[in-house]
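File shown: coords.txt (compact mmCIF, C-alpha atoms and all ligand atoms).
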# COMPACT_ATOMS: atom_id res chain seq x y z
CA MET A 1 104.06 31.49 20.25
CA THR A 2 101.02 30.87 22.51
CA LEU A 3 101.24 30.26 26.24
CA LEU A 4 100.18 26.66 25.54
CA ASP A 5 103.06 26.16 23.06
CA ARG A 6 105.53 27.59 25.55
CA ASP A 7 104.23 25.20 28.24
CA VAL A 8 104.55 22.27 25.85
CA ASP A 9 108.15 23.15 25.01
CA GLY A 10 109.00 23.44 28.71
CA LEU A 11 107.37 20.13 29.57
CA ARG A 12 109.01 18.35 26.65
CA ALA A 13 112.39 19.54 27.90
CA VAL A 14 111.59 17.92 31.28
CA GLY A 15 109.77 14.76 30.25
CA GLY A 16 110.41 14.06 26.56
CA THR A 17 107.50 12.58 24.59
CA PRO A 18 105.61 10.12 26.79
CA ARG A 19 103.96 7.21 24.99
CA VAL A 20 100.90 7.15 27.26
CA ALA A 21 99.15 9.80 29.35
CA ILE A 22 97.04 8.78 32.32
CA VAL A 23 94.63 11.07 34.17
CA LEU A 24 94.11 9.96 37.77
CA GLY A 25 90.62 10.14 39.26
CA SER A 26 89.59 10.74 42.88
CA GLY A 27 91.49 8.45 45.25
CA LEU A 28 93.43 6.69 42.47
CA GLY A 29 96.75 8.40 43.04
CA GLY A 30 98.38 5.09 44.09
CA LEU A 31 99.53 4.58 40.51
CA ILE A 32 102.16 7.25 41.08
CA ASP A 33 104.04 4.91 43.43
CA HIS A 34 104.62 2.59 40.45
CA VAL A 35 106.27 5.28 38.34
CA THR A 36 110.06 5.08 38.23
CA GLU A 37 112.38 8.03 37.60
CA ALA A 38 109.46 10.30 38.40
CA VAL A 39 109.78 14.02 37.77
CA ASP A 40 107.03 16.30 39.11
CA VAL A 41 105.86 19.45 37.42
CA PRO A 42 103.22 21.28 39.51
CA PHE A 43 100.42 23.04 37.61
CA SER A 44 101.61 26.25 39.30
CA GLU A 45 104.76 26.06 37.13
CA VAL A 46 102.70 25.66 33.95
CA GLY A 47 101.61 29.11 32.88
CA SER A 48 98.34 28.19 31.19
CA LEU A 49 96.94 26.07 34.06
CA PRO A 50 94.96 27.07 37.18
CA GLU A 51 95.39 25.22 40.52
CA PRO A 52 92.84 22.49 41.36
CA THR A 53 90.94 22.99 44.61
CA VAL A 54 89.51 19.51 45.41
CA VAL A 55 90.85 17.32 48.23
CA GLY A 56 92.59 14.33 46.64
CA HIS A 57 93.52 16.31 43.49
CA ARG A 58 96.97 17.88 43.78
CA GLY A 59 97.56 19.42 40.38
CA ARG A 60 100.79 18.22 38.82
CA PHE A 61 102.19 16.30 35.88
CA VAL A 62 104.35 13.31 36.82
CA PHE A 63 106.73 12.22 34.07
CA GLY A 64 108.52 8.87 34.31
CA SER A 65 108.21 5.21 33.32
CA LEU A 66 105.70 2.51 34.08
CA GLY A 67 107.62 -0.68 33.48
CA ASP A 68 109.75 0.46 30.55
CA VAL A 69 107.06 2.61 28.94
CA PRO A 70 107.50 6.40 29.08
CA VAL A 71 104.36 7.89 30.63
CA VAL A 72 102.98 11.12 32.01
CA LEU A 73 100.43 11.06 34.81
CA LEU A 74 98.08 13.91 35.46
CA ASP A 75 97.57 14.00 39.22
CA GLY A 76 94.75 16.36 39.97
CA ARG A 77 92.28 17.07 37.23
CA LEU A 78 90.29 20.26 37.05
CA HIS A 79 86.50 20.22 37.28
CA ALA A 80 83.84 22.63 36.06
CA TYR A 81 82.24 22.58 39.53
CA GLU A 82 85.35 24.28 40.94
CA GLY A 83 84.38 27.28 38.86
CA HIS A 84 86.99 26.72 36.16
CA GLU A 85 86.09 27.53 32.58
CA LEU A 86 85.85 24.45 30.33
CA GLU A 87 88.78 25.84 28.36
CA GLU A 88 90.91 25.71 31.54
CA ILE A 89 89.72 22.21 32.40
CA VAL A 90 90.85 20.78 29.07
CA ALA A 91 94.12 22.73 28.90
CA PRO A 92 96.08 19.75 30.34
CA VAL A 93 94.62 17.51 27.63
CA ARG A 94 95.60 20.03 24.95
CA ILE A 95 99.11 20.05 26.40
CA LEU A 96 99.24 16.23 26.38
CA ALA A 97 98.02 16.16 22.77
CA ARG A 98 100.72 18.64 21.74
CA LEU A 99 103.34 16.62 23.61
CA GLY A 100 102.45 13.86 21.14
CA VAL A 101 101.20 11.15 23.52
CA GLY A 102 99.99 8.06 21.66
CA ALA A 103 97.10 7.31 24.02
CA LEU A 104 95.13 9.03 26.76
CA LEU A 105 93.76 6.85 29.55
CA LEU A 106 91.27 8.64 31.77
CA THR A 107 90.26 7.22 35.14
CA ASN A 108 87.49 8.46 37.37
CA ALA A 109 85.17 7.64 40.24
CA VAL A 110 81.49 7.23 39.40
CA GLY A 111 78.12 6.59 40.96
CA ALA A 112 76.40 3.45 39.68
CA ILE A 113 73.06 3.87 37.97
CA HIS A 114 72.81 0.37 36.53
CA PRO A 115 71.33 -1.78 39.32
CA ARG A 116 73.87 -4.55 38.82
CA LEU A 117 76.86 -2.29 39.49
CA SER A 118 78.18 -1.94 43.05
CA PRO A 119 80.92 -0.01 44.86
CA GLY A 120 84.35 -1.36 43.90
CA ASP A 121 83.27 -2.47 40.38
CA LEU A 122 85.38 -1.41 37.40
CA VAL A 123 83.59 -0.18 34.27
CA LEU A 124 85.09 0.37 30.84
CA ILE A 125 83.22 3.31 29.32
CA GLU A 126 81.83 2.63 25.86
CA ASP A 127 79.85 5.81 25.26
CA GLN A 128 79.07 9.06 27.02
CA ILE A 129 76.21 11.51 27.50
CA ASN A 130 77.12 15.15 27.98
CA VAL A 131 74.44 16.17 30.45
CA SER A 132 76.03 19.57 30.96
CA PHE A 133 75.20 20.38 27.31
CA ARG A 134 78.29 22.58 27.16
CA SER A 135 81.28 21.95 24.93
CA PRO A 136 84.94 22.73 25.61
CA LEU A 137 85.26 23.28 21.86
CA ALA A 138 82.94 26.31 21.80
CA GLY A 139 85.05 29.25 20.68
CA PRO A 140 87.95 29.47 18.27
CA VAL A 141 89.32 26.25 16.79
CA TYR A 142 92.70 25.35 18.31
CA ALA A 143 95.53 24.43 15.97
CA GLY A 144 95.48 20.71 15.21
CA GLU A 145 91.85 20.27 16.29
CA GLU A 146 88.73 19.59 14.30
CA ARG A 147 85.82 22.03 14.33
CA PHE A 148 83.18 19.27 14.20
CA PRO A 149 84.70 16.06 15.59
CA ASP A 150 82.76 12.87 14.96
CA MET A 151 81.52 11.30 18.20
CA SER A 152 80.01 8.08 16.79
CA GLN A 153 82.84 6.14 18.41
CA PRO A 154 84.33 8.41 21.06
CA PHE A 155 86.52 5.70 22.58
CA ASP A 156 89.35 4.02 20.73
CA ALA A 157 88.44 0.44 19.77
CA ALA A 158 92.02 -0.88 19.97
CA LEU A 159 92.52 0.62 23.44
CA GLN A 160 89.24 -0.85 24.60
CA HIS A 161 90.30 -4.24 23.33
CA GLU A 162 93.51 -4.00 25.37
CA PHE A 163 91.56 -3.12 28.52
CA ARG A 164 89.18 -6.05 28.08
CA ASP A 165 91.98 -8.48 27.30
CA VAL A 166 94.18 -7.39 30.21
CA ALA A 167 91.20 -7.66 32.58
CA ILE A 168 90.32 -11.16 31.38
CA ARG A 169 93.91 -12.38 31.66
CA SER A 170 94.24 -10.84 35.13
CA GLY A 171 90.96 -12.40 36.31
CA ILE A 172 89.49 -8.96 37.00
CA ASP A 173 85.81 -8.33 36.28
CA LEU A 174 85.35 -5.42 33.92
CA ALA A 175 81.82 -4.18 33.22
CA ARG A 176 80.98 -1.96 30.25
CA GLY A 177 78.73 1.04 30.30
CA THR A 178 77.68 4.53 29.30
CA TYR A 179 78.94 7.51 31.35
CA ALA A 180 76.72 10.50 32.04
CA GLY A 181 78.76 13.63 32.76
CA VAL A 182 77.02 16.11 35.06
CA LEU A 183 78.26 19.46 36.35
CA GLY A 184 77.91 18.73 40.11
CA PRO A 185 79.22 19.39 42.70
CA GLN A 186 76.05 18.32 44.45
CA PHE A 187 75.30 14.64 44.04
CA GLU A 188 72.15 13.87 42.03
CA THR A 189 68.63 13.74 43.36
CA ALA A 190 66.81 10.41 43.09
CA ALA A 191 64.64 11.91 40.33
CA GLU A 192 67.74 12.98 38.38
CA VAL A 193 69.15 9.47 38.68
CA ARG A 194 65.88 8.04 37.31
CA MET A 195 66.15 10.52 34.42
CA LEU A 196 69.75 9.50 33.68
CA ALA A 197 68.71 5.82 33.75
CA LEU A 198 65.97 6.58 31.20
CA LEU A 199 68.57 8.33 29.01
CA GLY A 200 70.62 5.14 28.96
CA ALA A 201 73.37 6.00 31.44
CA ASP A 202 74.95 3.22 33.51
CA VAL A 203 77.20 5.45 35.63
CA VAL A 204 77.38 9.13 36.50
CA GLY A 205 80.31 11.40 37.27
CA MET A 206 81.41 15.05 37.35
CA SER A 207 84.44 14.97 35.05
CA THR A 208 85.86 13.31 31.94
CA VAL A 209 83.35 14.34 29.25
CA PRO A 210 85.17 17.59 28.29
CA GLU A 211 88.52 15.76 28.25
CA VAL A 212 87.15 13.08 25.92
CA VAL A 213 85.70 15.71 23.58
CA VAL A 214 89.03 17.55 23.27
CA ALA A 215 90.97 14.30 22.85
CA ARG A 216 88.62 13.44 19.95
CA ALA A 217 89.03 16.87 18.41
CA ALA A 218 92.82 16.58 18.68
CA GLY A 219 92.86 13.01 17.34
CA VAL A 220 94.33 11.43 20.49
CA PRO A 221 93.09 7.84 21.06
CA VAL A 222 91.23 7.86 24.38
CA ALA A 223 89.77 5.30 26.79
CA VAL A 224 88.00 5.70 30.13
CA LEU A 225 88.12 3.32 33.08
CA SER A 226 85.69 4.09 35.89
CA LEU A 227 85.66 2.85 39.46
CA VAL A 228 82.22 2.68 41.07
CA SER A 229 82.50 4.43 44.42
CA ASN A 230 78.82 4.34 45.34
CA LYS A 231 75.38 3.49 44.11
CA ALA A 232 73.74 6.62 42.76
CA THR A 233 71.11 8.40 44.85
CA GLY A 234 67.94 6.40 45.42
CA LEU A 235 69.58 3.06 44.64
CA ALA A 236 70.97 2.48 48.14
CA HIS A 237 70.00 3.66 51.59
CA GLU A 238 73.02 5.82 52.28
CA VAL A 239 73.96 9.48 52.29
CA LEU A 240 76.67 10.28 49.72
CA SER A 241 79.92 12.00 50.62
CA HIS A 242 83.20 12.82 48.90
CA GLU A 243 85.03 10.96 51.71
CA ASP A 244 83.25 7.73 50.68
CA VAL A 245 84.38 8.29 47.08
CA LEU A 246 87.99 8.60 48.26
CA ALA A 247 87.68 5.58 50.58
CA VAL A 248 86.51 3.24 47.80
CA GLY A 249 89.33 4.54 45.60
CA ALA A 250 91.81 3.66 48.35
CA GLN A 251 90.38 0.14 48.76
CA ALA A 252 89.59 -0.87 45.18
CA GLY A 253 92.15 1.31 43.43
CA GLN A 254 94.62 -1.60 43.41
CA ARG A 255 92.65 -3.52 40.77
CA MET A 256 92.37 -0.40 38.68
CA ILE A 257 96.13 0.08 38.92
CA GLU A 258 96.67 -3.53 37.85
CA VAL A 259 94.52 -3.09 34.76
CA VAL A 260 96.04 0.26 33.80
CA THR A 261 99.65 -0.92 34.23
CA GLY A 262 98.81 -4.02 32.17
CA VAL A 263 97.40 -1.90 29.36
CA VAL A 264 100.36 0.51 29.47
CA ALA A 265 102.79 -2.41 29.19
CA ARG A 266 100.98 -3.53 26.03
CA LEU A 267 100.96 -0.04 24.54
CA GLY A 268 104.72 0.07 24.99
CA VAL A 269 105.07 -2.72 22.46
CA VAL A 270 102.04 -2.29 20.19
CA ASN A 271 103.68 0.24 17.86
CA PRO A 272 107.39 0.07 18.68
CA GLY A 273 108.17 2.23 15.66
CA GLU A 274 106.20 5.09 17.18
CA ARG A 275 108.02 5.09 20.50
CA SER A 276 110.11 8.02 21.49
CA GLY A 277 111.27 9.41 24.79
N1 LIG B 1 77.39 11.18 41.22
C1 LIG B 1 78.21 11.99 40.52
N2 LIG B 1 79.53 11.89 40.55
C2 LIG B 1 80.06 10.93 41.31
C3 LIG B 1 79.28 10.05 42.08
C4 LIG B 1 77.87 10.18 42.03
O1 LIG B 1 77.10 9.43 42.67
N3 LIG B 1 80.13 9.21 42.71
C5 LIG B 1 81.39 9.57 42.36
N4 LIG B 1 81.35 10.61 41.50

Re-express the file's structure as structure tokens.
Ligand code: HPA
Amino acid sequence: MTLLDRDVDGLRAVGGTPRVAIVLGSGLGGLIDHVTEAVDVPFSEVGSLPEPTVVGHRGRFVFGSLGDVPVVLLDGRLHAYEGHELEEIVAPVRILARLGVGALLLTNAVGAIHPRLSPGDLVLIEDQINVSFRSPLAGPVYAGEERFPDMSQPFDAALQHEFRDVAIRSGIDLARGTYAGVLGPQFETAAEVRMLALLGADVVGMSTVPEVVVARAAGVPVAVLSLVSNKATGLAHEVLSHEDVLAVGAQAGQRMIEVVTGVVARLGVVNPGERSG
């Protein structure tokens, strides 16, 4: 039995088989307050996971219910810029896949490259560009994963439909765009932002791409909802800071929470036959 399998068995004993997994981005931890019967499992108790080091990212699984849907939240993702190997960064996603979650919803904070996006806007990600040019799949193939996953439609169409529909019915504007995943941790130069715009990116961030790749390889339906925390370098006259990213999350996170809880409620009833807990 691998360390990963042992972790999965331990987590299943604590939290059962959640229907939906949600990864919380910078400053979006408010969703945890909506989880009932919450049970925390710190990363430090999960043998195969390192501790995150970023302010605003605590490093724990939170099992419980959103409404009446069994969920697991990942509070505190790991980033390559912290010095973690890609294999470590995606270990939580591999655990979630093995737990048998039916959907993976990733949230994150991004810089806006598209000139019509502003701080506080929500963006449903429709495609991604891996600007780090590294893959979390390099190395041996993990059990249950594909060697060469197709990336022609990285994001699950049915999940995306739910996001758009919930947003419309809630009267919340939801833009669509392409996410460029950079290594960071420095913010981009103005020239790099111009390059990313030429490549077709609408937003830029320092996470998410490896998680999406592993979710695809493991066959877990995945969607990404981004909150614009700032205009990317050169598009506004301001100096960027991580504190600003957290501040926008605190202010605008409420709309994101509304959309995510709406989608989770729908996923609880979409395939009732698949539900377990
Ligand atoms: N660039 C990269 N990552 C980010 C940004 C940004 O401007 N804002 C929030 N995450």

Review point. So how many Å separate atom CA of A:Val204 and atom CA of A:Val182, to one decimal?
Key: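 Straight-line distance from atom CA of A:Val204 to atom CA of A:Val182 works out to 7.1 Å.
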
Review point. Which chains and residue numbers are within 6 Å of ligand LIG 1 (chain B), counting all atoms listed in the file, if I want them as a ChimeraX atom specification?
Key: /A:109-111,187-188,204-206,229-230,232,245

Using 8 Å of padding on each side, determine the axis-aligned box around all atoms of stretch 197-207 of chain A present in the file and give its centre and edge lengths in Å to one decimal, as AutoDock Vina command-line options.
--center_x 75.2 --center_y 9.1 --center_z 33.2 --size_x 34.5 --size_y 27.8 --size_z 24.4

Once you count only C-alpha atoms, what closest atom pair and distance in Å to one decimal does each residue of stretch 71-167 of chain A within 10 Å of stretch 62-67 of chain A have, with rows by chain and rising residue number, as JSON lines?
{"residue": "A:Val71", "atom": "CA", "partner": "A:Ser65", "partner_atom": "CA", "distance": 5.4}
{"residue": "A:Val72", "atom": "CA", "partner": "A:Phe63", "partner_atom": "CA", "distance": 4.4}
{"residue": "A:Leu73", "atom": "CA", "partner": "A:Val62", "partner_atom": "CA", "distance": 4.9}
{"residue": "A:Leu74", "atom": "CA", "partner": "A:Val62", "partner_atom": "CA", "distance": 6.4}
{"residue": "A:Asp75", "atom": "CA", "partner": "A:Val62", "partner_atom": "CA", "distance": 7.2}

Compile a residue-level contact table for stretch 64-143 of chain A against stretch 3-8 of chain A at a cut-off of 7 Å, reporting for every qualifying residue the shortest atom pair and its distance in Å to one decimal, with all atoms listed in the file counted, rows ordered by chain and ascending number, as JSON lines.
{"residue": "A:Ile95", "atom": "CA", "partner": "A:Val8", "partner_atom": "CA", "distance": 5.9}
{"residue": "A:Arg98", "atom": "CA", "partner": "A:Val8", "partner_atom": "CA", "distance": 6.7}
{"residue": "A:Leu99", "atom": "CA", "partner": "A:Val8", "partner_atom": "CA", "distance": 6.2}

Study note, to complete from the structure: Nearest to A:Tyr142, restricted to all atoms listed in the file and choosing among A:Pro154, A:Val90, A:Ile129, A:Leu105, comes out as A:Val90

Point to revise | Spatial sel., origin (69.8, 13.3, 44.2), limit 10 Å, all atoms listed in the file, listed as number ranges by chain | key: A: 186-194, 232-234, 239-240

Point to revise | Atomic separation - atom CA of A:Pro92 relative to atom CA of A:Phe43, Å | key: 9.1 Å

Check your understanding: Restricting the calculation to all atoms listed in the file, which member of A:Val14, A:Met195, A:Ala97, A:Leu246 is positioned closest to A:Val222?
Key -> A:Ala97

Model the absent atoms of stretch 151-177 of chain A so that N, CA and C atoms are present, and write the result as a PDB file, in the frame of the given file.
ATOM      1  N   MET A 151      81.580  11.933  16.881  1.00  0.00           N
ATOM      2  CA  MET A 151      81.520  11.300  18.200  1.00  0.00           C
ATOM      3  C   MET A 151      80.790   9.952  18.126  1.00  0.00           C
ATOM      4  N   SER A 152      80.727   9.353  16.916  1.00  0.00           N
ATOM      5  CA  SER A 152      80.010   8.080  16.790  1.00  0.00           C
ATOM      6  C   SER A 152      80.749   6.964  17.513  1.00  0.00           C
ATOM      7  N   GLN A 153      82.074   7.090  17.607  1.00  0.00           N
ATOM      8  CA  GLN A 153      82.840   6.140  18.410  1.00  0.00           C
ATOM      9  C   GLN A 153      83.886   6.934  19.216  1.00  0.00           C
ATOM     10  N   PRO A 154      83.434   7.512  20.343  1.00  0.00           N
ATOM     11  CA  PRO A 154      84.330   8.410  21.060  1.00  0.00           C
ATOM     12  C   PRO A 154      85.569   7.701  21.599  1.00  0.00           C
ATOM     13  N   PHE A 155      85.434   6.407  21.915  1.00  0.00           N
ATOM     14  CA  PHE A 155      86.520   5.700  22.580  1.00  0.00           C
ATOM     15  C   PHE A 155      87.219   4.762  21.604  1.00  0.00           C
ATOM     16  N   ASP A 156      88.535   4.736  21.696  1.00  0.00           N
ATOM     17  CA  ASP A 156      89.350   4.020  20.730  1.00  0.00           C
ATOM     18  C   ASP A 156      89.148   2.495  20.844  1.00  0.00           C
ATOM     19  N   ALA A 157      88.780   1.865  19.744  1.00  0.00           N
ATOM     20  CA  ALA A 157      88.440   0.440  19.770  1.00  0.00           C
ATOM     21  C   ALA A 157      89.648  -0.418  20.161  1.00  0.00           C
ATOM     22  N   ALA A 158      90.835  -0.073  19.660  1.00  0.00           N
ATOM     23  CA  ALA A 158      92.020  -0.880  19.970  1.00  0.00           C
ATOM     24  C   ALA A 158      92.373  -0.760  21.458  1.00  0.00           C
ATOM     25  N   LEU A 159      92.257   0.442  22.007  1.00  0.00           N
ATOM     26  CA  LEU A 159      92.520   0.620  23.440  1.00  0.00           C
ATOM     27  C   LEU A 159      91.517  -0.177  24.269  1.00  0.00           C
ATOM     28  N   GLN A 160      90.264  -0.123  23.854  1.00  0.00           N
ATOM     29  CA  GLN A 160      89.240  -0.850  24.600  1.00  0.00           C
ATOM     30  C   GLN A 160      89.501  -2.341  24.582  1.00  0.00           C
ATOM     31  N   HIS A 161      89.963  -2.822  23.439  1.00  0.00           N
ATOM     32  CA  HIS A 161      90.300  -4.240  23.330  1.00  0.00           C
ATOM     33  C   HIS A 161      91.399  -4.588  24.334  1.00  0.00           C
ATOM     34  N   GLU A 162      92.405  -3.733  24.435  1.00  0.00           N
ATOM     35  CA  GLU A 162      93.510  -4.000  25.370  1.00  0.00           C
ATOM     36  C   GLU A 162      92.985  -4.055  26.812  1.00  0.00           C
ATOM     37  N   PHE A 163      92.118  -3.118  27.161  1.00  0.00           N
ATOM     38  CA  PHE A 163      91.560  -3.120  28.520  1.00  0.00           C
ATOM     39  C   PHE A 163      90.812  -4.428  28.803  1.00  0.00           C
ATOM     40  N   ARG A 164      89.972  -4.837  27.840  1.00  0.00           N
ATOM     41  CA  ARG A 164      89.180  -6.050  28.080  1.00  0.00           C
ATOM     42  C   ARG A 164      90.086  -7.260  28.193  1.00  0.00           C
ATOM     43  N   ASP A 165      91.091  -7.314  27.319  1.00  0.00           N
ATOM     44  CA  ASP A 165      91.980  -8.480  27.300  1.00  0.00           C
ATOM     45  C   ASP A 165      92.833  -8.546  28.563  1.00  0.00           C
ATOM     46  N   VAL A 166      93.375  -7.414  28.977  1.00  0.00           N
ATOM     47  CA  VAL A 166      94.180  -7.390  30.210  1.00  0.00           C
ATOM     48  C   VAL A 166      93.314  -7.822  31.388  1.00  0.00           C
ATOM     49  N   ALA A 167      92.080  -7.321  31.453  1.00  0.00           N
ATOM     50  CA  ALA A 167      91.200  -7.660  32.580  1.00  0.00           C
ATOM     51  C   ALA A 167      90.917  -9.166  32.594  1.00  0.00           C
ATOM     52  N   ILE A 168      90.611  -9.722  31.444  1.00  0.00           N
ATOM     53  CA  ILE A 168      90.320 -11.160  31.380  1.00  0.00           C
ATOM     54  C   ILE A 168      91.530 -11.961  31.840  1.00  0.00           C
ATOM     55  N   ARG A 169      92.698 -11.612  31.311  1.00  0.00           N
ATOM     56  CA  ARG A 169      93.910 -12.380  31.660  1.00  0.00           C
ATOM     57  C   ARG A 169      94.316 -12.187  33.109  1.00  0.00           C
ATOM     58  N   SER A 170      93.904 -11.078  33.716  1.00  0.00           N
ATOM     59  CA  SER A 170      94.240 -10.840  35.130  1.00  0.00           C
ATOM     60  C   SER A 170      93.138 -11.370  36.050  1.00  0.00           C
ATOM     61  N   GLY A 171      92.062 -11.904  35.471  1.00  0.00           N
ATOM     62  CA  GLY A 171      90.960 -12.400  36.310  1.00  0.00           C
ATOM     63  C   GLY A 171      90.210 -11.291  37.017  1.00  0.00           C
ATOM     64  N   ILE A 172      90.184 -10.114  36.406  1.00  0.00           N
ATOM     65  CA  ILE A 172      89.490  -8.960  37.000  1.00  0.00           C
ATOM     66  C   ILE A 172      88.206  -8.691  36.226  1.00  0.00           C
ATOM     67  N   ASP A 173      87.087  -8.624  36.948  1.00  0.00           N
ATOM     68  CA  ASP A 173      85.810  -8.330  36.280  1.00  0.00           C
ATOM     69  C   ASP A 173      85.809  -6.909  35.774  1.00  0.00           C
ATOM     70  N   LEU A 174      85.401  -6.751  34.528  1.00  0.00           N
ATOM     71  CA  LEU A 174      85.350  -5.420  33.920  1.00  0.00           C
ATOM     72  C   LEU A 174      83.987  -5.273  33.247  1.00  0.00           C
ATOM     73  N   ALA A 175      83.129  -4.422  33.832  1.00  0.00           N
ATOM     74  CA  ALA A 175      81.820  -4.180  33.220  1.00  0.00           C
ATOM     75  C   ALA A 175      81.993  -3.167  32.091  1.00  0.00           C
ATOM     76  N   ARG A 176      80.959  -2.978  31.301  1.00  0.00           N
ATOM     77  CA  ARG A 176      80.980  -1.960  30.250  1.00  0.00           C
ATOM     78  C   ARG A 176      79.758  -1.074  30.442  1.00  0.00           C
ATOM     79  N   GLY A 177      79.897   0.197  30.106  1.00  0.00           N
ATOM     80  CA  GLY A 177      78.730   1.040  30.300  1.00  0.00           C
ATOM     81  C   GLY A 177      78.866   2.421  29.710  1.00  0.00           C
TER      82      GLY A 177
END
